[in-house]
file protein20.cif (mmCIF, C-alpha atoms)
data_target
loop_
_atom_site.label_atom_id
_atom_site.label_comp_id
_atom_site.auth_asym_id
_atom_site.auth_seq_id
_atom_site.Cartn_x
_atom_site.Cartn_y
_atom_site.Cartn_z
CA MET T 1 -7.90 -11.36 -9.97
CA ALA T 2 -9.39 -8.70 -12.18
CA GLY T 3 -9.32 -9.61 -15.81
CA ALA T 4 -7.32 -7.74 -18.38
CA GLY T 5 -10.33 -7.36 -20.64
CA ARG T 6 -12.46 -5.30 -18.24
CA VAL T 7 -13.62 -1.94 -19.56
CA TRP T 8 -15.26 1.06 -17.94
CA ARG T 9 -18.12 2.90 -19.53
CA VAL T 10 -18.18 6.64 -19.83
CA GLY T 11 -21.36 7.93 -21.41
CA ALA T 12 -22.15 5.29 -24.00
CA LEU T 13 -19.47 2.98 -22.63
CA PRO T 14 -20.46 0.41 -19.96
CA LEU T 15 -19.47 0.87 -16.31
CA PRO T 16 -17.39 -1.93 -14.80
CA PRO T 17 -19.01 -4.88 -13.05
CA ALA T 18 -18.33 -5.33 -9.35
CA TRP T 19 -14.59 -5.76 -8.98
CA ARG T 20 -13.48 -9.21 -8.02
CA LEU T 21 -11.01 -9.59 -5.21
CA ARG T 22 -7.45 -10.41 -6.02
CA ALA T 23 -5.57 -13.25 -4.57
CA PRO T 24 -3.81 -12.34 -2.45
CA GLY T 25 -6.22 -9.63 -1.43
CA ARG T 26 -6.43 -5.83 -1.31
CA ALA T 27 -5.78 -3.07 1.18
CA PHE T 28 -6.65 0.28 2.87
CA GLY T 29 -5.28 1.26 6.25
CA GLY T 30 -2.82 0.91 9.08
CA ALA T 31 -2.69 -0.45 12.58
CA ALA T 32 -5.50 -1.39 14.89
CA GLY T 33 -6.34 0.97 17.72
CA ARG T 34 -5.11 0.43 21.24
CA GLY T 35 -8.28 1.22 23.16
CA GLY T 36 -10.34 -1.26 25.09
CA GLY T 37 -13.69 -2.95 24.47
CA GLY T 38 -15.94 -1.55 21.77
CA GLY T 39 -13.67 1.43 21.12
CA ARG T 40 -10.78 -0.86 20.31
CA LEU T 41 -12.95 -2.92 17.99
CA VAL T 42 -14.20 0.12 16.07
CA LEU T 43 -10.73 1.62 15.78
CA GLY T 44 -9.27 -1.68 14.68
CA ALA T 45 -11.80 -2.02 11.90
CA ALA T 46 -11.53 1.62 10.96
CA PHE T 47 -7.77 1.60 10.65
CA ALA T 48 -7.90 -1.62 8.65
CA LEU T 49 -9.47 0.50 5.93
CA GLY T 50 -8.11 3.81 7.06
CA GLY T 51 -5.39 5.14 4.79
CA SER T 52 -4.02 7.79 7.17
CA ALA T 53 -0.27 8.23 6.82
CA GLY T 54 1.84 7.18 9.75
CA LEU T 55 -0.35 4.19 10.59
CA CYS T 56 2.08 1.77 8.99
CA LEU T 57 5.38 3.26 10.12
CA ALA T 58 7.72 0.43 10.97
CA ALA T 59 10.54 -1.00 12.98
CA ARG T 60 12.94 -3.79 12.03
CA GLN T 61 13.95 -6.56 14.37
CA ARG T 62 15.51 -10.00 14.26
CA LEU T 63 12.94 -12.78 14.51
CA ARG T 64 12.61 -14.81 17.62
CA GLU T 65 13.33 -18.50 17.20
CA HIS T 66 9.68 -19.58 17.10
CA SER T 67 9.01 -17.07 14.29
CA ALA T 68 12.05 -18.06 12.30
CA ALA T 69 10.88 -21.65 12.32
CA GLU T 70 7.96 -20.61 10.12
CA LEU T 71 10.38 -19.73 7.32
CA PRO T 72 12.35 -22.71 6.00
CA ALA T 73 15.80 -22.06 4.59
CA GLY T 74 15.84 -21.17 0.91
CA SER T 75 16.83 -18.48 -1.55
CA LEU T 76 14.02 -16.14 -0.51
CA GLN T 77 11.14 -17.33 1.65
CA LEU T 78 8.52 -14.67 2.34
CA THR T 79 5.48 -14.37 4.62
CA LEU T 80 3.39 -11.20 4.56
CA TYR T 81 1.29 -10.25 7.59
CA GLN T 82 -1.38 -7.87 6.41
CA TYR T 83 -4.86 -6.39 6.43
CA LYS T 84 -6.50 -6.83 3.05
CA THR T 85 -7.74 -3.27 3.32
CA CYS T 86 -4.40 -1.56 3.99
CA PRO T 87 -2.91 0.51 1.13
CA PHE T 88 0.59 0.01 2.48
CA CYS T 89 0.11 -3.78 2.41
CA SER T 90 -1.35 -3.48 -1.08
CA LYS T 91 1.81 -1.70 -2.24
CA VAL T 92 3.93 -4.59 -0.99
CA ARG T 93 1.70 -7.18 -2.69
CA ALA T 94 1.81 -5.28 -5.98
CA PHE T 95 5.61 -5.27 -5.80
CA LEU T 96 5.89 -8.97 -4.92
CA ASP T 97 3.35 -10.00 -7.55
CA TYR T 98 4.99 -7.96 -10.30
CA HIS T 99 8.35 -9.60 -9.60
CA GLY T 100 6.82 -13.06 -9.49
CA LEU T 101 7.94 -13.69 -5.92
CA PRO T 102 5.97 -16.42 -4.14
CA TYR T 103 4.87 -15.49 -0.66
CA LYS T 104 2.53 -16.68 2.03
CA ILE T 105 -0.17 -14.36 3.37
CA VAL T 106 -1.32 -14.25 6.98
CA GLU T 107 -4.44 -12.11 7.43
CA VAL T 108 -4.28 -10.30 10.75
CA ASN T 109 -7.35 -9.76 12.91
CA PRO T 110 -7.35 -5.96 13.34
CA ILE T 111 -8.80 -6.21 16.84
CA MET T 112 -6.77 -8.85 18.68
CA ARG T 113 -3.80 -9.05 16.29
CA LYS T 114 -2.84 -12.41 17.77
CA GLU T 115 -1.28 -13.40 14.43
CA ILE T 116 1.57 -10.95 15.10
CA LYS T 117 1.95 -11.65 18.81
CA PHE T 118 5.54 -12.73 18.09
CA SER T 119 6.37 -9.11 17.22
CA SER T 120 6.85 -6.16 19.54
CA TYR T 121 5.84 -4.04 16.57
CA ARG T 122 2.06 -4.22 16.30
CA LYS T 123 1.30 -2.76 12.89
CA VAL T 124 1.18 -4.04 9.33
CA PRO T 125 2.63 -4.76 6.87
CA ILE T 126 5.17 -7.09 8.42
CA LEU T 127 7.28 -9.18 6.09
CA LEU T 128 9.15 -12.21 7.39
CA ALA T 129 12.00 -12.91 5.00
CA ASN T 130 14.52 -15.72 4.96
CA ALA T 131 17.40 -15.38 2.54
CA GLY T 132 19.89 -17.35 4.58
CA SER T 133 19.03 -15.75 7.91
CA PRO T 134 15.54 -14.87 9.15
CA LEU T 135 14.55 -11.22 9.35
CA GLN T 136 11.47 -9.18 10.12
CA LEU T 137 10.97 -6.13 7.91
CA ASN T 138 8.34 -3.43 8.41
CA ASP T 139 7.36 -0.22 6.65
CA SER T 140 6.13 -0.82 3.12
CA SER T 141 8.70 1.43 1.46
CA VAL T 142 11.60 -0.12 3.36
CA ILE T 143 10.34 -3.59 2.51
CA ILE T 144 10.12 -2.73 -1.20
CA SER T 145 13.50 -0.94 -1.37
CA ALA T 146 15.31 -3.68 0.55
CA ILE T 147 13.86 -6.60 -1.42
CA LYS T 148 14.38 -4.81 -4.74
CA THR T 149 18.00 -4.13 -3.81
CA TYR T 150 18.43 -7.80 -2.94
CA LEU T 151 16.94 -8.91 -6.26
CA VAL T 152 19.13 -6.59 -8.31
CA SER T 153 22.34 -7.10 -6.35
CA ARG T 154 23.24 -10.35 -4.65
CA ARG T 155 26.53 -8.93 -3.41
CA ASN T 156 25.22 -8.35 0.09
CA SER T 157 23.08 -10.42 2.42
CA LEU T 158 19.52 -9.26 2.95
CA GLU T 159 20.40 -8.59 6.57
CA GLU T 160 23.19 -6.24 5.52
CA ILE T 161 20.94 -4.51 3.00
CA VAL T 162 18.26 -3.88 5.62
CA SER T 163 20.89 -2.30 7.88
CA PHE T 164 21.18 0.50 5.29
CA TYR T 165 17.70 1.68 6.34
CA PRO T 166 18.23 2.69 9.99
CA ALA T 167 15.25 3.63 12.16
CA VAL T 168 15.19 7.07 13.75
CA LYS T 169 12.71 8.52 16.21
CA THR T 170 10.85 11.62 15.11
CA VAL T 171 8.03 13.69 16.60
CA THR T 172 4.96 14.57 14.55
CA GLU T 173 3.25 17.97 14.53
CA GLN T 174 0.78 16.49 16.99
CA GLY T 175 3.63 15.68 19.37
CA LYS T 176 3.50 11.94 18.80
CA GLU T 177 6.78 10.04 18.73
CA VAL T 178 7.13 7.72 15.73
CA LEU T 179 9.80 5.71 14.00
CA GLU T 180 10.93 6.79 10.56
CA TYR T 181 13.53 5.29 8.27
CA GLU T 182 16.46 6.86 6.55
CA ASN T 183 17.03 6.11 2.86
CA LYS T 184 13.66 4.36 2.55
CA TYR T 185 13.19 5.35 -1.09
CA TRP T 186 16.75 4.47 -2.16
CA LEU T 187 18.03 1.26 -3.67
CA MET T 188 21.45 0.42 -2.27
CA LEU T 189 23.28 -0.38 -5.50
CA ASP T 190 26.82 0.04 -6.77
CA GLU T 191 27.57 2.27 -9.75
CA LYS T 192 27.21 -0.46 -12.36
CA GLU T 193 23.93 -1.73 -10.93
CA THR T 194 22.57 1.79 -10.62
CA LYS T 195 23.24 2.53 -14.29
CA ARG T 196 21.48 -0.71 -15.25
CA VAL T 197 18.34 0.13 -13.26
CA TYR T 198 18.47 3.91 -13.75
CA PRO T 199 20.14 4.75 -17.09
CA VAL T 200 20.03 8.46 -16.26
CA LYS T 201 19.97 10.23 -12.90
CA GLU T 202 16.61 11.86 -13.58
CA VAL T 203 14.91 8.46 -13.74
CA ARG T 204 15.92 7.67 -10.17
CA VAL T 205 14.96 11.12 -8.88
CA GLU T 206 11.55 10.88 -10.55
CA GLU T 207 10.84 7.43 -9.12
CA MET T 208 11.76 8.49 -5.58
CA LYS T 209 9.69 11.68 -5.83
CA TRP T 210 6.52 9.84 -6.78
CA ARG T 211 7.01 6.98 -4.33
CA LYS T 212 7.17 9.59 -1.59
CA TRP T 213 4.15 11.38 -3.06
CA ALA T 214 2.13 8.16 -2.86
CA ASP T 215 2.97 7.82 0.85
CA ASP T 216 2.72 11.46 1.84
CA TRP T 217 -0.26 12.63 -0.17
CA LEU T 218 -2.17 10.05 -2.21
CA VAL T 219 -2.78 7.73 0.72
CA HIS T 220 -4.31 10.61 2.71
CA LEU T 221 -7.07 10.88 0.14
CA ILE T 222 -8.37 7.35 0.65
CA SER T 223 -10.24 7.67 3.96
CA PRO T 224 -11.97 10.99 3.26
CA ASN T 225 -13.22 9.56 -0.04
CA VAL T 226 -14.35 6.10 1.03
CA TYR T 227 -16.08 7.51 4.13
CA ARG T 228 -17.34 10.66 2.38
CA THR T 229 -21.05 10.07 3.06
CA PRO T 230 -22.90 7.83 5.55
CA LYS T 231 -23.85 5.53 2.65
CA GLU T 232 -20.24 5.24 1.47
CA ALA T 233 -19.00 4.73 5.01
CA LEU T 234 -21.41 1.82 5.50
CA ALA T 235 -20.41 0.29 2.16
CA SER T 236 -16.75 0.63 3.09
CA PHE T 237 -17.23 -1.08 6.44
CA ASP T 238 -19.26 -3.81 4.81
CA TYR T 239 -16.23 -4.38 2.59
CA ILE T 240 -13.81 -4.29 5.52
CA VAL T 241 -15.79 -6.85 7.50
CA ARG T 242 -16.45 -9.08 4.50
CA GLU T 243 -12.81 -9.23 3.41
CA GLY T 244 -11.09 -8.89 6.77
CA LYS T 245 -10.67 -11.35 9.59
CA PHE T 246 -13.51 -10.69 12.05
CA GLY T 247 -15.69 -12.80 14.28
CA THR T 248 -19.45 -12.62 13.69
CA LEU T 249 -20.20 -10.26 16.57
CA GLU T 250 -17.04 -8.26 15.95
CA GLY T 251 -18.03 -7.82 12.34
CA LEU T 252 -21.57 -6.63 13.08
CA PHE T 253 -20.39 -4.15 15.68
CA ALA T 254 -17.56 -2.88 13.50
CA LYS T 255 -19.77 -2.48 10.45
CA TYR T 256 -22.47 -0.30 11.95
CA VAL T 257 -20.70 1.52 14.77
CA GLY T 258 -17.50 1.85 12.79
CA ALA T 259 -19.27 3.33 9.77
CA VAL T 260 -20.77 6.09 11.91
CA ALA T 261 -17.47 6.75 13.70
CA MET T 262 -15.38 6.91 10.55
CA PHE T 263 -17.86 9.18 8.77
CA PHE T 264 -17.08 11.79 11.42
CA VAL T 265 -13.38 10.92 11.56
CA SER T 266 -13.18 11.49 7.80
CA LYS T 267 -14.38 15.05 8.35
CA ARG T 268 -11.50 15.66 10.74
CA LEU T 269 -9.07 14.13 8.26
CA LYS T 270 -10.42 16.42 5.57
CA LYS T 271 -9.69 19.42 7.77
CA ARG T 272 -6.27 18.12 8.84
CA HIS T 273 -5.11 17.68 5.27
CA GLN T 274 -6.82 20.85 4.07
CA LEU T 275 -9.00 19.09 1.53
CA ARG T 276 -11.89 20.67 -0.35
CA ASP T 277 -15.51 20.40 0.69
CA ASP T 278 -15.94 17.81 -2.04
CA VAL T 279 -12.97 15.53 -1.42
CA ARG T 280 -13.53 13.83 -4.76
CA GLU T 281 -12.03 16.90 -6.39
CA ASP T 282 -8.77 16.36 -4.50
CA LEU T 283 -8.74 12.72 -5.53
CA TYR T 284 -9.39 13.58 -9.18
CA GLU T 285 -6.72 16.26 -9.17
CA ALA T 286 -4.12 13.96 -7.60
CA VAL T 287 -4.85 11.12 -10.02
CA ASN T 288 -4.69 13.40 -13.05
CA GLU T 289 -1.45 14.87 -11.73
CA TRP T 290 -0.02 11.36 -11.74
CA VAL T 291 -1.28 10.65 -15.26
CA LYS T 292 0.28 13.91 -16.47
CA ALA T 293 3.61 12.96 -14.86
CA VAL T 294 3.60 9.60 -16.65
CA GLY T 295 2.91 11.44 -19.90
CA LYS T 296 1.52 10.41 -23.25
CA ASN T 297 4.70 8.85 -24.61
CA ARG T 298 5.23 6.22 -21.89
CA LEU T 299 3.18 3.20 -20.96
CA PHE T 300 4.35 3.58 -17.38
CA MET T 301 6.52 5.99 -15.46
CA GLY T 302 9.13 3.27 -15.73
CA GLY T 303 8.84 3.23 -19.53
CA ASN T 304 7.77 -0.05 -21.08
CA GLN T 305 7.54 -1.66 -17.65
CA PRO T 306 6.38 -0.28 -14.27
CA ASN T 307 8.92 1.10 -11.86
CA LEU T 308 8.55 1.31 -8.09
CA ALA T 309 6.51 4.52 -8.35
CA ASP T 310 4.00 2.85 -10.69
CA LEU T 311 3.65 -0.05 -8.28
CA ALA T 312 3.20 2.27 -5.28
CA VAL T 313 0.47 4.39 -6.88
CA TYR T 314 -1.33 1.33 -8.22
CA GLY T 315 -1.14 -0.39 -4.84
CA VAL T 316 -2.71 2.59 -3.07
CA LEU T 317 -5.48 3.16 -5.61
CA ARG T 318 -6.62 -0.42 -5.99
CA VAL T 319 -7.78 -0.60 -2.37
CA MET T 320 -10.85 1.36 -3.42
CA GLU T 321 -11.94 -1.20 -6.01
CA GLY T 322 -15.61 -2.08 -5.66
CA LEU T 323 -16.43 1.17 -3.87
CA GLU T 324 -18.16 4.27 -5.19
CA ALA T 325 -15.00 6.36 -4.93
CA PHE T 326 -13.18 4.01 -7.29
CA ASP T 327 -15.95 4.02 -9.90
CA ASP T 328 -16.14 7.81 -9.76
CA MET T 329 -12.38 8.05 -10.18
CA MET T 330 -12.47 5.87 -13.28
CA VAL T 331 -15.24 7.92 -14.87
CA HIS T 332 -14.02 11.41 -14.01
CA THR T 333 -10.24 11.14 -14.47
CA LYS T 334 -7.79 9.95 -17.11
CA ILE T 335 -6.41 7.09 -15.01
CA GLN T 336 -8.19 4.21 -16.76
CA PRO T 337 -5.68 3.32 -19.53
CA TRP T 338 -2.69 3.35 -17.19
CA TYR T 339 -4.59 1.44 -14.51
CA GLN T 340 -5.65 -1.27 -16.94
CA ARG T 341 -2.07 -1.63 -18.18
CA MET T 342 -0.93 -2.04 -14.59
CA GLU T 343 -3.49 -4.77 -14.01
CA GLU T 344 -2.41 -6.62 -17.10
CA VAL T 345 1.33 -6.48 -16.42
CA ILE T 346 1.00 -7.51 -12.77
CA GLU T 347 -1.07 -10.51 -13.78
CA LYS T 348 1.89 -11.63 -15.87
CA THR T 349 4.12 -12.56 -12.97
CA GLY T 350 7.80 -13.28 -13.26
CA VAL T 351 8.85 -10.10 -15.07
CA ALA T 352 12.64 -9.91 -15.32
CA ILE T 353 14.40 -7.23 -13.30
#
call {"tool": "encode", "arguments": {"input": "protein20.cif", "output": "structure tokens"}}
result
Amino acid sequence: MAGAGRVWRVGALPLPPAWRLRAPGRAFGGAAGRGGGGGRLVLGAAFALGGSAGLCLAARQRLREHSAAELPAGSLQLTLYQYKTCPFCSKVRAFLDYHGLPYKIVEVNPIMRKEIKFSSYRKVPILLANAGSPLQLNDSSVIISAIKTYLVSRRNSLEEIVSFYPAVKTVTEQGKEVLEYENKYWLMLDEKETKRVYPVKEVRVEEMKWRKWADDWLVHLISPNVYRTPKEALASFDYIVREGKFGTLEGLFAKYVGAVAMFFVSKRLKKRHQLRDDVREDLYEAVNEWVKAVGKNRLFMGGNQPNLADLAVYGVLRVMEGLEAFDDMMVHTKIQPWYQRMEEVIEKTGVAI
């Protein structure tokens, strides 16, 4: 895990050394593609690092008996199925780590996805949770809201809490049918609990606004920036293959063919999201917008401790660690102090709610 004492150099200050991987891992993208042969392999690798919104939309379902057996009875037993390079998975890990919740990680092969063959839902993150009865939760924001609600309020079972986030079918602008979730940014608390977590109404509204911003805007900036040039695309796929779960031949094919494919895909993403010719400028602007929202008088948006918006933004941004886009962001924006504070506080697990 990255050390609290790391510094970046701007001008006379030293640039950071290569970022060490965290246990348990980092993240970038969504679900593997559904094509066949080489196309499926490339898409699987690409989406493992992708960052396009909608790739990790989720569905909830009761676990089958063979899946439930993996989670022994206890107060809260958790298993996270993930890609290391998925920003949505990274958000969930940041949340679990900050709250000191032990959990098991299962790294999913983005091509075959045999690790999640028990699930009819074929994307990540998937969280298997046992708090008296086994459940499967998907969608990073639903996972975080449901588990946070459970930690704050033990009045309801986790199963009942998850039922407050019903799935609804929607159609995207491209005509694709997807599942979305009502109330995904809300904590389901009573009046007393709400006042304890959110002393004033504005605090809750602000947290929800920026959690949604992280999902709807910030995550869209990842792919165009990490695949911005052929060199960066190759470096990104080298990272995906090195940190993901690939066979030797899969990895070689994904690295070189995938880098070329995603370089061109990133251009389409830039057009789709109406980004500037130099997508770094959009990244810098978004990051500085976040820093401005946190303000100079707070350590975090949550005050002295991170709230769910802090954890979401940090989870998305840290997937770029070790890549050129991340180093550029640290040098050319004002994110460094907040980011370092986030690293330090998450390393100190077991923070009280």
call {"tool": "resolve_selection", "arguments": {"input": "protein20.cif", "expression": "the PyMOL selection byres ((chain T and resi 90) around 10)", "output": "JSON, numbers by chain"}}
result
{"T": [24, 25, 26, 27, 28, 29, 82, 83, 84, 85, 86, 87, 88, 89, 91, 92, 93, 94, 95, 96, 125, 140, 311, 312, 313, 314, 315, 316, 317, 318, 319]}
call {"tool": "residues_near_point", "arguments": {"input": "protein20.cif", "point": "(13.0, 8.6, 14.7)", "cutoff": "7 Å", "atoms": "all atoms listed in the file", "output": "ChimeraX atom specification"}}
result
/T:167-170,178-180
call {"tool": "atom_distance", "arguments": {"input": "protein20.cif", "atom1": "CA of Ser141 in chain T", "atom2": "CA of Lys184 in chain T"}}
result
5.9 Å
call {"tool": "atom_distance", "arguments": {"input": "protein20.cif", "atom1": "CA of Ile240 in chain T", "atom2": "CA of Trp290 in chain T"}}
result
27.1 Å
call {"tool": "closest_residue", "arguments": {"input": "protein20.cif", "among": "T:Trp338, T:Tyr103, T:Tyr239, T:Phe264", "to": "Lys296 in chain T", "atoms": "only C-alpha atoms"}}
result
T:Trp338
call {"tool": "residues_around", "arguments": {"input": "protein20.cif", "residues": "range 219-234 of chain T", "least_positions_apart": "4", "cutoff": "9 Å", "atoms": "only C-alpha atoms", "output": "PDB file with C-alpha atoms, in the coordinates of the input"}}
result
ATOM      1  CA  PHE T  28      -6.650   0.280   2.870  1.00  0.00           C
ATOM      2  CA  GLY T  29      -5.280   1.260   6.250  1.00  0.00           C
ATOM      3  CA  LEU T  49      -9.470   0.500   5.930  1.00  0.00           C
ATOM      4  CA  GLY T  50      -8.110   3.810   7.060  1.00  0.00           C
ATOM      5  CA  GLY T  51      -5.390   5.140   4.790  1.00  0.00           C
ATOM      6  CA  SER T  52      -4.020   7.790   7.170  1.00  0.00           C
ATOM      7  CA  ALA T  53      -0.270   8.230   6.820  1.00  0.00           C
ATOM      8  CA  PRO T  87      -2.910   0.510   1.130  1.00  0.00           C
ATOM      9  CA  PHE T  88       0.590   0.010   2.480  1.00  0.00           C
ATOM     10  CA  TRP T 213       4.150  11.380  -3.060  1.00  0.00           C
ATOM     11  CA  ALA T 214       2.130   8.160  -2.860  1.00  0.00           C
ATOM     12  CA  ASP T 215       2.970   7.820   0.850  1.00  0.00           C
ATOM     13  CA  ASP T 238     -19.260  -3.810   4.810  1.00  0.00           C
ATOM     14  CA  TYR T 239     -16.230  -4.380   2.590  1.00  0.00           C
ATOM     15  CA  LYS T 255     -19.770  -2.480  10.450  1.00  0.00           C
ATOM     16  CA  TYR T 256     -22.470  -0.300  11.950  1.00  0.00           C
ATOM     17  CA  GLY T 258     -17.500   1.850  12.790  1.00  0.00           C
ATOM     18  CA  ALA T 259     -19.270   3.330   9.770  1.00  0.00           C
ATOM     19  CA  VAL T 260     -20.770   6.090  11.910  1.00  0.00           C
ATOM     20  CA  MET T 262     -15.380   6.910  10.550  1.00  0.00           C
ATOM     21  CA  PHE T 263     -17.860   9.180   8.770  1.00  0.00           C
ATOM     22  CA  PHE T 264     -17.080  11.790  11.420  1.00  0.00           C
ATOM     23  CA  VAL T 265     -13.380  10.920  11.560  1.00  0.00           C
ATOM     24  CA  SER T 266     -13.180  11.490   7.800  1.00  0.00           C
ATOM     25  CA  LYS T 267     -14.380  15.050   8.350  1.00  0.00           C
ATOM     26  CA  ARG T 268     -11.500  15.660  10.740  1.00  0.00           C
ATOM     27  CA  LEU T 269      -9.070  14.130   8.260  1.00  0.00           C
ATOM     28  CA  LYS T 270     -10.420  16.420   5.570  1.00  0.00           C
ATOM     29  CA  HIS T 273      -5.110  17.680   5.270  1.00  0.00           C
ATOM     30  CA  LEU T 275      -9.000  19.090   1.530  1.00  0.00           C
ATOM     31  CA  ASP T 278     -15.940  17.810  -2.040  1.00  0.00           C
ATOM     32  CA  VAL T 279     -12.970  15.530  -1.420  1.00  0.00           C
ATOM     33  CA  ARG T 280     -13.530  13.830  -4.760  1.00  0.00           C
ATOM     34  CA  ASP T 282      -8.770  16.360  -4.500  1.00  0.00           C
ATOM     35  CA  LEU T 283      -8.740  12.720  -5.530  1.00  0.00           C
ATOM     36  CA  ALA T 286      -4.120  13.960  -7.600  1.00  0.00           C
ATOM     37  CA  VAL T 313       0.470   4.390  -6.880  1.00  0.00           C
ATOM     38  CA  VAL T 316      -2.710   2.590  -3.070  1.00  0.00           C
ATOM     39  CA  LEU T 317      -5.480   3.160  -5.610  1.00  0.00           C
ATOM     40  CA  VAL T 319      -7.780  -0.600  -2.370  1.00  0.00           C
ATOM     41  CA  MET T 320     -10.850   1.360  -3.420  1.00  0.00           C
ATOM     42  CA  LEU T 323     -16.430   1.170  -3.870  1.00  0.00           C
ATOM     43  CA  GLU T 324     -18.160   4.270  -5.190  1.00  0.00           C
ATOM     44  CA  ALA T 325     -15.000   6.360  -4.930  1.00  0.00           C
ATOM     45  CA  PHE T 326     -13.180   4.010  -7.290  1.00  0.00           C
TER      46      PHE T 326
END
call {"tool": "residues_around", "arguments": {"input": "protein20.cif", "residues": "range 187-193 of chain T", "least_positions_apart": "5", "cutoff": "12 Å", "atoms": "all atoms listed in the file", "output": "mmCIF file with C-alpha atoms, in the coordinates of the input"}}
result
data_model
loop_
_atom_site.group_PDB
_atom_site.id
_atom_site.type_symbol
_atom_site.label_atom_id
_atom_site.label_comp_id
_atom_site.auth_asym_id
_atom_site.auth_seq_id
_atom_site.Cartn_x
_atom_site.Cartn_y
_atom_site.Cartn_z
ATOM 1 C CA SER T 141 8.700 1.430 1.460
ATOM 2 C CA VAL T 142 11.600 -0.120 3.360
ATOM 3 C CA ILE T 143 10.340 -3.590 2.510
ATOM 4 C CA ILE T 144 10.120 -2.730 -1.200
ATOM 5 C CA SER T 145 13.500 -0.940 -1.370
ATOM 6 C CA ALA T 146 15.310 -3.680 0.550
ATOM 7 C CA ILE T 147 13.860 -6.600 -1.420
ATOM 8 C CA LYS T 148 14.380 -4.810 -4.740
ATOM 9 C CA THR T 149 18.000 -4.130 -3.810
ATOM 10 C CA TYR T 150 18.430 -7.800 -2.940
ATOM 11 C CA LEU T 151 16.940 -8.910 -6.260
ATOM 12 C CA VAL T 152 19.130 -6.590 -8.310
ATOM 13 C CA SER T 153 22.340 -7.100 -6.350
ATOM 14 C CA ARG T 154 23.240 -10.350 -4.650
ATOM 15 C CA ARG T 155 26.530 -8.930 -3.410
ATOM 16 C CA ASN T 156 25.220 -8.350 0.090
ATOM 17 C CA SER T 157 23.080 -10.420 2.420
ATOM 18 C CA LEU T 158 19.520 -9.260 2.950
ATOM 19 C CA GLU T 160 23.190 -6.240 5.520
ATOM 20 C CA ILE T 161 20.940 -4.510 3.000
ATOM 21 C CA VAL T 162 18.260 -3.880 5.620
ATOM 22 C CA SER T 163 20.890 -2.300 7.880
ATOM 23 C CA PHE T 164 21.180 0.500 5.290
ATOM 24 C CA TYR T 165 17.700 1.680 6.340
ATOM 25 C CA GLU T 182 16.460 6.860 6.550
ATOM 26 C CA TYR T 198 18.470 3.910 -13.750
ATOM 27 C CA PRO T 199 20.140 4.750 -17.090
ATOM 28 C CA VAL T 200 20.030 8.460 -16.260
ATOM 29 C CA LYS T 201 19.970 10.230 -12.900
ATOM 30 C CA ARG T 204 15.920 7.670 -10.170
ATOM 31 C CA VAL T 205 14.960 11.120 -8.880
ATOM 32 C CA GLU T 207 10.840 7.430 -9.120
ATOM 33 C CA MET T 208 11.760 8.490 -5.580
ATOM 34 C CA LEU T 308 8.550 1.310 -8.090
ATOM 35 C CA ILE T 353 14.400 -7.230 -13.300
#
call {"tool": "closest_residue", "arguments": {"input": "protein20.cif", "among": "T:Gly175, T:Lys212, T:Glu281, T:Arg196", "to": "His332 in chain T", "atoms": "only C-alpha atoms"}}
result
T:Glu281
call {"tool": "atom_distance", "arguments": {"input": "protein20.cif", "atom1": "CA of Lys209 in chain T", "atom2": "CA of Asn288 in chain T"}}
result
16.2 Å
call {"tool": "resolve_selection", "arguments": {"input": "protein20.cif", "expression": "the PyMOL selection byres ((chain T and resi 105) around 6)", "output": "list in words"}}
result
Thr79, Leu80, Lys104 and Val106 of chain T
call {"tool": "closest_residue", "arguments": {"input": "protein20.cif", "among": "T:Pro306, T:Pro166, T:Gly295, T:Gly132", "to": "Arg341 in chain T", "atoms": "only C-alpha atoms"}}
result
T:Pro306
call {"tool": "closest_residue", "arguments": {"input": "protein20.cif", "among": "T:Ile111, T:Val241, T:Leu101, T:Leu218", "to": "Val287 in chain T", "atoms": "all atoms listed in the file"}}
result
T:Leu218
